[in-house]
Amino acid sequence: MKQQHNGQILVVEDDTTLRAALCDTLKAAHFSVLEASNGQSALTVLSNEQVDVVISDVQMPSMDGNALLDNVVSLWPSTPLVLMTAYAEISAAVSAIHRGAVDYLVKPFEAKTLIDLISRLVSVTKQKAVIAEDPKTQALMDFVSRVAASEANVMITGESGSGKEVFARMIHDQSNRCNAPFVAINCAAIPESMLEAVLFGHEKGAFTGATQSQQGKFELANKGTLLLDEISEMDLSLQSKLLRVLQEKEVERLGSHTVINLDLRVLATSNRNLVEEVAAGRFREDLYYRLNVIPLAVPPLRERPEDILPLAKFFLEKYATGRSCNFAESAKMAIHRHTWPGNIRELENVVQRALVMQVGESITAEDLHFSQIPGGQQDQSVSETGAGNKSETGLKGNEQNLILEVLREERGSRKDTAERLGISPRTLRYKLAKFKELGVEVP
């Protein structure tokens, strides 16, 4: 019988002896273990295998732990990553926490410390998909179960941070393809110039910098499921090529004439109104119908009020790292009153900050620091287009101040800033470039 905390762990460490010791320790605790000697090898493993937790050294050749973290956060945002670091690197590890690492271990550490941390993270990862206290979420999960049994493509829509990827993963896990790869790619996180090569793969010498052949995401997901996250951020010319691959069910790597036959299911997500995107000419109508065979709309967190506190408690357990902690009644009331414009992602950030700011035995309303980002149903949000109900001049000024303030709070991280603002990284890059053109100093 499998152990309760059984899960698949990826160990990334260039020191062969230490890597073997880590793997043996985890195997003895009944975990399934995969291993890689550097970040680049780890990305290949992640593209081909289902991984519950990544634990990685920081200092490695080819691709270090920090670069690996950035890739994991972009491409597999629901996969927790733990960094192993020397004592002198603690400040850098804390910085990595702000960029998306869930925790860090300072070398040397006890085997029990490792096992306790990994067990908790695996437990949390497996629970996250099934928090459904609200009737709306329960109905959505019933719908997901029916959808999973089919082979139809699914278009998952909803606001940023509402949990679209979690539902995509549930579709895969409950489908007949559950034992095959689940490969996710964030179309907004990869530069337009590289996205085609990442999707379709390339041969050595296909373009400048292609020093070796590389499988594309379609190829890696064959027999399984491919998730095209934030598909609406894809350039129109690439949408046309994507449509052809979906229609023909075959792909060719860049620089190759060899046809690779495909047998996979495609899921896509978007935080935009795709009907409006089609009408505006920003998204191909034929691709929309090809992907939108089954539409699945994920409601925002403010419309699933009975999920809010269970999710908050879930994140409290995730980040409390061994200490006993709970929410005081004042905190519960404040959490329920908030409109959560940033949805589940904002809730996670608020809980994480509260644990840092907490002064008493329980988290009180005073410990909760909500992001000062307009949004929700009552306030104006920083939209993808910059449009709103205020005057154009006033909105642009407020938008600029807001973006720069959040960028400073996130220490210049474009990805974290975009997530907090609820816009795509590509839109943020565009706005920052405009600010620079106006002579504005950008962090």
# chains A, B, ... in the order shown; residues from 1 in each chain; ligands from 1

call {"tool": "residues_around", "arguments": {"residues": "Pro295 (chain A)", "least_positions_apart": "6", "cutoff": "9 Å", "atoms": "only C-alpha atoms", "output": "list in words"}}
result
Asn153, Val154, Met155, Ile156 and Thr157 of chain A

call {"tool": "write_last_selection", "arguments": {"atoms": "N, CA, C and O atoms", "output": "mmCIF file, in the first residue's frame"}}
result
data_model
loop_
_atom_site.group_PDB
_atom_site.id
_atom_site.type_symbol
_atom_site.label_atom_id
_atom_site.label_comp_id
_atom_site.auth_asym_id
_atom_site.auth_seq_id
_atom_site.Cartn_x
_atom_site.Cartn_y
_atom_site.Cartn_z
ATOM 1 N N ASN A 153 -11.557 19.440 -26.880
ATOM 2 C CA ASN A 153 -10.766 20.568 -26.411
ATOM 3 C C ASN A 153 -11.618 21.445 -25.487
ATOM 4 O O ASN A 153 -12.834 21.558 -25.681
ATOM 5 N N VAL A 154 -10.983 22.069 -24.504
ATOM 6 C CA VAL A 154 -11.698 22.873 -23.513
ATOM 7 C C VAL A 154 -11.060 24.260 -23.433
ATOM 8 O O VAL A 154 -9.839 24.386 -23.344
ATOM 9 N N MET A 155 -11.882 25.285 -23.456
ATOM 10 C CA MET A 155 -11.425 26.653 -23.243
ATOM 11 C C MET A 155 -11.856 27.094 -21.850
ATOM 12 O O MET A 155 -13.046 27.178 -21.552
ATOM 13 N N ILE A 156 -10.873 27.360 -20.981
ATOM 14 C CA ILE A 156 -11.142 27.733 -19.597
ATOM 15 C C ILE A 156 -10.924 29.237 -19.457
ATOM 16 O O ILE A 156 -9.820 29.727 -19.690
ATOM 17 N N THR A 157 -11.965 29.957 -19.091
ATOM 18 C CA THR A 157 -11.855 31.408 -18.953
ATOM 19 C C THR A 157 -12.102 31.827 -17.510
ATOM 20 O O THR A 157 -12.781 31.137 -16.751
#

call {"tool": "select_by_dssp", "arguments": {"residues": "region 207-374 of chain A", "states": "strand (DSSP E or B)", "output": "list of chain:residue names"}}
result
A:Gln214, A:Gln215, A:Thr225, A:Leu226, A:Leu227, A:Leu228, A:Asp229, A:Glu250, A:Val251, A:Leu254, A:Ile260, A:Asn261, A:Arg265, A:Val266, A:Leu267, A:Ala268, A:Thr269, A:Ser270, A:Ile294, A:Pro295, A:Leu296, A:Ala297, A:Phe327, A:Ile363

call {"tool": "closest_atom_pairs", "arguments": {"of": "region 206-319 of chain A", "to": "region 328-346 of chain A", "cutoff": "7 Å", "atoms": "only C-alpha atoms", "output": "CSV"}}
result
residue,atom,partner,partner_atom,distance
A:Pro300,CA,A:Asn343,CA,6.2
A:Leu301,CA,A:Asn343,CA,5.2
A:Arg302,CA,A:Thr339,CA,5.6

call {"tool": "closest_residue", "arguments": {"among": "A:Ala132, A:Leu68, A:Lys27, A:Val106", "to": "Pro305 (chain A)", "atoms": "only C-alpha atoms"}}
result
A:Ala132

call {"tool": "residues_around", "arguments": {"residues": "Gly360 (chain A)", "least_positions_apart": "4", "cutoff": "10 Å", "atoms": "only C-alpha atoms", "output": "VMD selection string"}}
result
chain A and resid 325 364 367

call {"tool": "write_last_selection", "arguments": {"atoms": "N, CA, C and O atoms", "output": "compact mmCIF listing (two decimals), in the first residue's frame"}}
result
# COMPACT_ATOMS: atom_id res chain seq x y z
N CYS A 325 -0.74 28.23 14.18
CA CYS A 325 -1.26 29.58 13.92
C CYS A 325 -2.70 29.48 13.44
O CYS A 325 -3.10 28.49 12.82
N THR A 364 -4.55 38.69 13.30
CA THR A 364 -5.68 39.60 13.48
C THR A 364 -5.88 40.43 12.22
O THR A 364 -5.08 40.38 11.28
N ASP A 367 -2.97 42.47 11.12
CA ASP A 367 -1.85 41.78 10.46
C ASP A 367 -2.08 41.61 8.96
O ASP A 367 -1.15 41.24 8.23

call {"tool": "select_by_dssp", "arguments": {"residues": "region 286-328 of chain A", "states": "helix (DSSP H, G or I)", "output": "ChimeraX atom specification"}}
result
/A:286-291,301-303,305-319

call {"tool": "write_last_selection", "arguments": {"atoms": "C-alpha atoms", "output": "compact mmCIF listing (two decimals), in the first residue's frame"}}
result
# COMPACT_ATOMS: atom_id res chain seq x y z
CA ASP A 286 -11.56 29.74 -36.45
CA LEU A 287 -9.01 29.06 -33.70
CA TYR A 288 -11.54 30.18 -31.09
CA TYR A 289 -14.07 27.62 -32.31
CA ARG A 290 -11.40 24.92 -32.56
CA LEU A 291 -10.45 25.41 -28.89
CA LEU A 301 -13.24 34.24 -5.80
CA ARG A 302 -15.67 37.00 -4.68
CA GLU A 303 -18.48 34.96 -6.30
CA PRO A 305 -17.58 33.26 -0.80
CA GLU A 306 -17.69 29.90 0.99
CA ASP A 307 -14.31 29.00 -0.52
CA ILE A 308 -12.51 32.06 0.83
CA LEU A 309 -11.85 31.08 4.43
CA PRO A 310 -11.02 27.39 3.68
CA LEU A 311 -8.50 28.61 1.09
CA ALA A 312 -7.06 31.10 3.57
CA LYS A 313 -6.63 28.31 6.15
CA PHE A 314 -5.04 26.15 3.45
CA PHE A 315 -2.45 28.82 2.66
CA LEU A 316 -1.88 29.39 6.37
CA GLU A 317 -0.95 25.72 6.74
CA LYS A 318 1.21 25.92 3.64
CA TYR A 319 3.34 28.83 4.86

call {"tool": "closest_residue", "arguments": {"among": "A:Arg272, A:Gly205, A:Gln215, A:Ala21", "to": "Ser160 (chain A)", "atoms": "only C-alpha atoms"}}
result
A:Arg272

call {"tool": "closest_atom_pairs", "arguments": {"of": "region 93-190 of chain A", "to": "region 251-266 of chain A", "cutoff": "10 Å", "atoms": "only C-alpha atoms", "output": "CSV"}}
result
residue,atom,partner,partner_atom,distance
A:Ser150,CA,A:Arg265,CA,9.7
A:Glu151,CA,A:Arg265,CA,6.4
A:Ala152,CA,A:Arg265,CA,7.1
A:Asn153,CA,A:Val266,CA,5.2
A:Val154,CA,A:Val266,CA,7.0
A:Met155,CA,A:Val266,CA,8.9
A:Ala168,CA,A:Val266,CA,9.9
A:His172,CA,A:Arg265,CA,8.9
A:Arg177,CA,A:Leu264,CA,8.5
A:Ala180,CA,A:Leu264,CA,9.6
A:Pro181,CA,A:Leu264,CA,9.6
A:Phe182,CA,A:Arg265,CA,9.7
A:Val183,CA,A:Val266,CA,9.9

call {"tool": "closest_residue", "arguments": {"among": "A:Ile294, A:Cys23, A:Leu105, A:Ala280", "to": "Ala86 (chain A)", "atoms": "only C-alpha atoms"}}
result
A:Leu105

call {"tool": "residues_around", "arguments": {"residues": "region 429-439 of chain A", "least_positions_apart": "3", "cutoff": "8 Å", "atoms": "only C-alpha atoms", "output": "PyMOL selection string"}}
result
chain A and resi 400+414+425-426+442

call {"tool": "residues_around", "arguments": {"residues": "Leu34 (chain A)", "least_positions_apart": "6", "cutoff": "12 Å", "atoms": "only C-alpha atoms", "output": "list of chain:residue names"}}
result
A:Gly7, A:Gln8, A:Ile9, A:Leu10, A:Val11, A:Val12, A:Glu13, A:Arg19, A:Ala20, A:Leu22, A:Cys23, A:Asp24, A:Leu26, A:Lys27, A:Ser41, A:Ala42, A:Leu43, A:Thr44, A:Val45, A:Leu46, A:Asn48, A:Glu49, A:Gln50, A:Val51, A:Asp52, A:Val53, A:Val54, A:Ile55, A:Ser56

call {"tool": "write_last_selection", "arguments": {"atoms": "C-alpha atoms", "output": "PDB file, in the first residue's frame"}}
result
ATOM      1  CA  GLY A   7       4.441  11.869  -4.268  1.00  0.00           C
ATOM      2  CA  GLN A   8       6.974  12.397  -7.025  1.00  0.00           C
ATOM      3  CA  ILE A   9       9.917  14.658  -6.151  1.00  0.00           C
ATOM      4  CA  LEU A  10      12.506  16.136  -8.531  1.00  0.00           C
ATOM      5  CA  VAL A  11      15.949  16.568  -6.938  1.00  0.00           C
ATOM      6  CA  VAL A  12      18.221  19.026  -8.782  1.00  0.00           C
ATOM      7  CA  GLU A  13      21.824  18.963  -7.556  1.00  0.00           C
ATOM      8  CA  ARG A  19      22.221  14.154  -4.951  1.00  0.00           C
ATOM      9  CA  ALA A  20      22.407  10.412  -4.288  1.00  0.00           C
ATOM     10  CA  LEU A  22      19.017  13.228  -1.012  1.00  0.00           C
ATOM     11  CA  CYS A  23      17.400  10.721  -3.347  1.00  0.00           C
ATOM     12  CA  ASP A  24      18.048   7.827  -0.941  1.00  0.00           C
ATOM     13  CA  LEU A  26      13.388  10.587   0.008  1.00  0.00           C
ATOM     14  CA  LYS A  27      13.050   7.024  -1.305  1.00  0.00           C
ATOM     15  CA  SER A  41      18.097  18.970 -17.299  1.00  0.00           C
ATOM     16  CA  ALA A  42      15.400  19.665 -14.715  1.00  0.00           C
ATOM     17  CA  LEU A  43      13.280  21.512 -17.289  1.00  0.00           C
ATOM     18  CA  THR A  44      13.436  18.469 -19.560  1.00  0.00           C
ATOM     19  CA  VAL A  45      12.263  16.235 -16.704  1.00  0.00           C
ATOM     20  CA  LEU A  46       9.438  18.632 -15.831  1.00  0.00           C
ATOM     21  CA  ASN A  48       8.014  14.859 -19.491  1.00  0.00           C
ATOM     22  CA  GLU A  49       6.984  13.905 -15.962  1.00  0.00           C
ATOM     23  CA  GLN A  50       4.363  14.814 -13.398  1.00  0.00           C
ATOM     24  CA  VAL A  51       6.250  16.350 -10.465  1.00  0.00           C
ATOM     25  CA  ASP A  52       4.714  17.249  -7.096  1.00  0.00           C
ATOM     26  CA  VAL A  53       7.678  19.168  -5.632  1.00  0.00           C
ATOM     27  CA  VAL A  54      11.055  20.390  -6.956  1.00  0.00           C
ATOM     28  CA  ILE A  55      14.009  20.710  -4.580  1.00  0.00           C
ATOM     29  CA  SER A  56      17.005  22.422  -6.113  1.00  0.00           C
TER      30      SER A  56
END

call {"tool": "atom_distance", "arguments": {"atom1": "CA of Leu407 (chain A)", "atom2": "CA of Arg99 (chain A)"}}
result
12.6 Å

call {"tool": "residues_around", "arguments": {"residues": "His369 (chain A)", "least_positions_apart": "4", "cutoff": "9 Å", "atoms": "only C-alpha atoms", "output": "MDAnalysis selection string"}}
result
chainID A and resid 350:351 353:354 357 365

call {"tool": "residues_around", "arguments": {"residues": "Pro61 (chain A)", "least_positions_apart": "3", "cutoff": "10 Å", "atoms": "only C-alpha atoms", "output": "VMD selection string"}}
result
chain A and resid 13 to 14 37 to 40 58 64 to 65
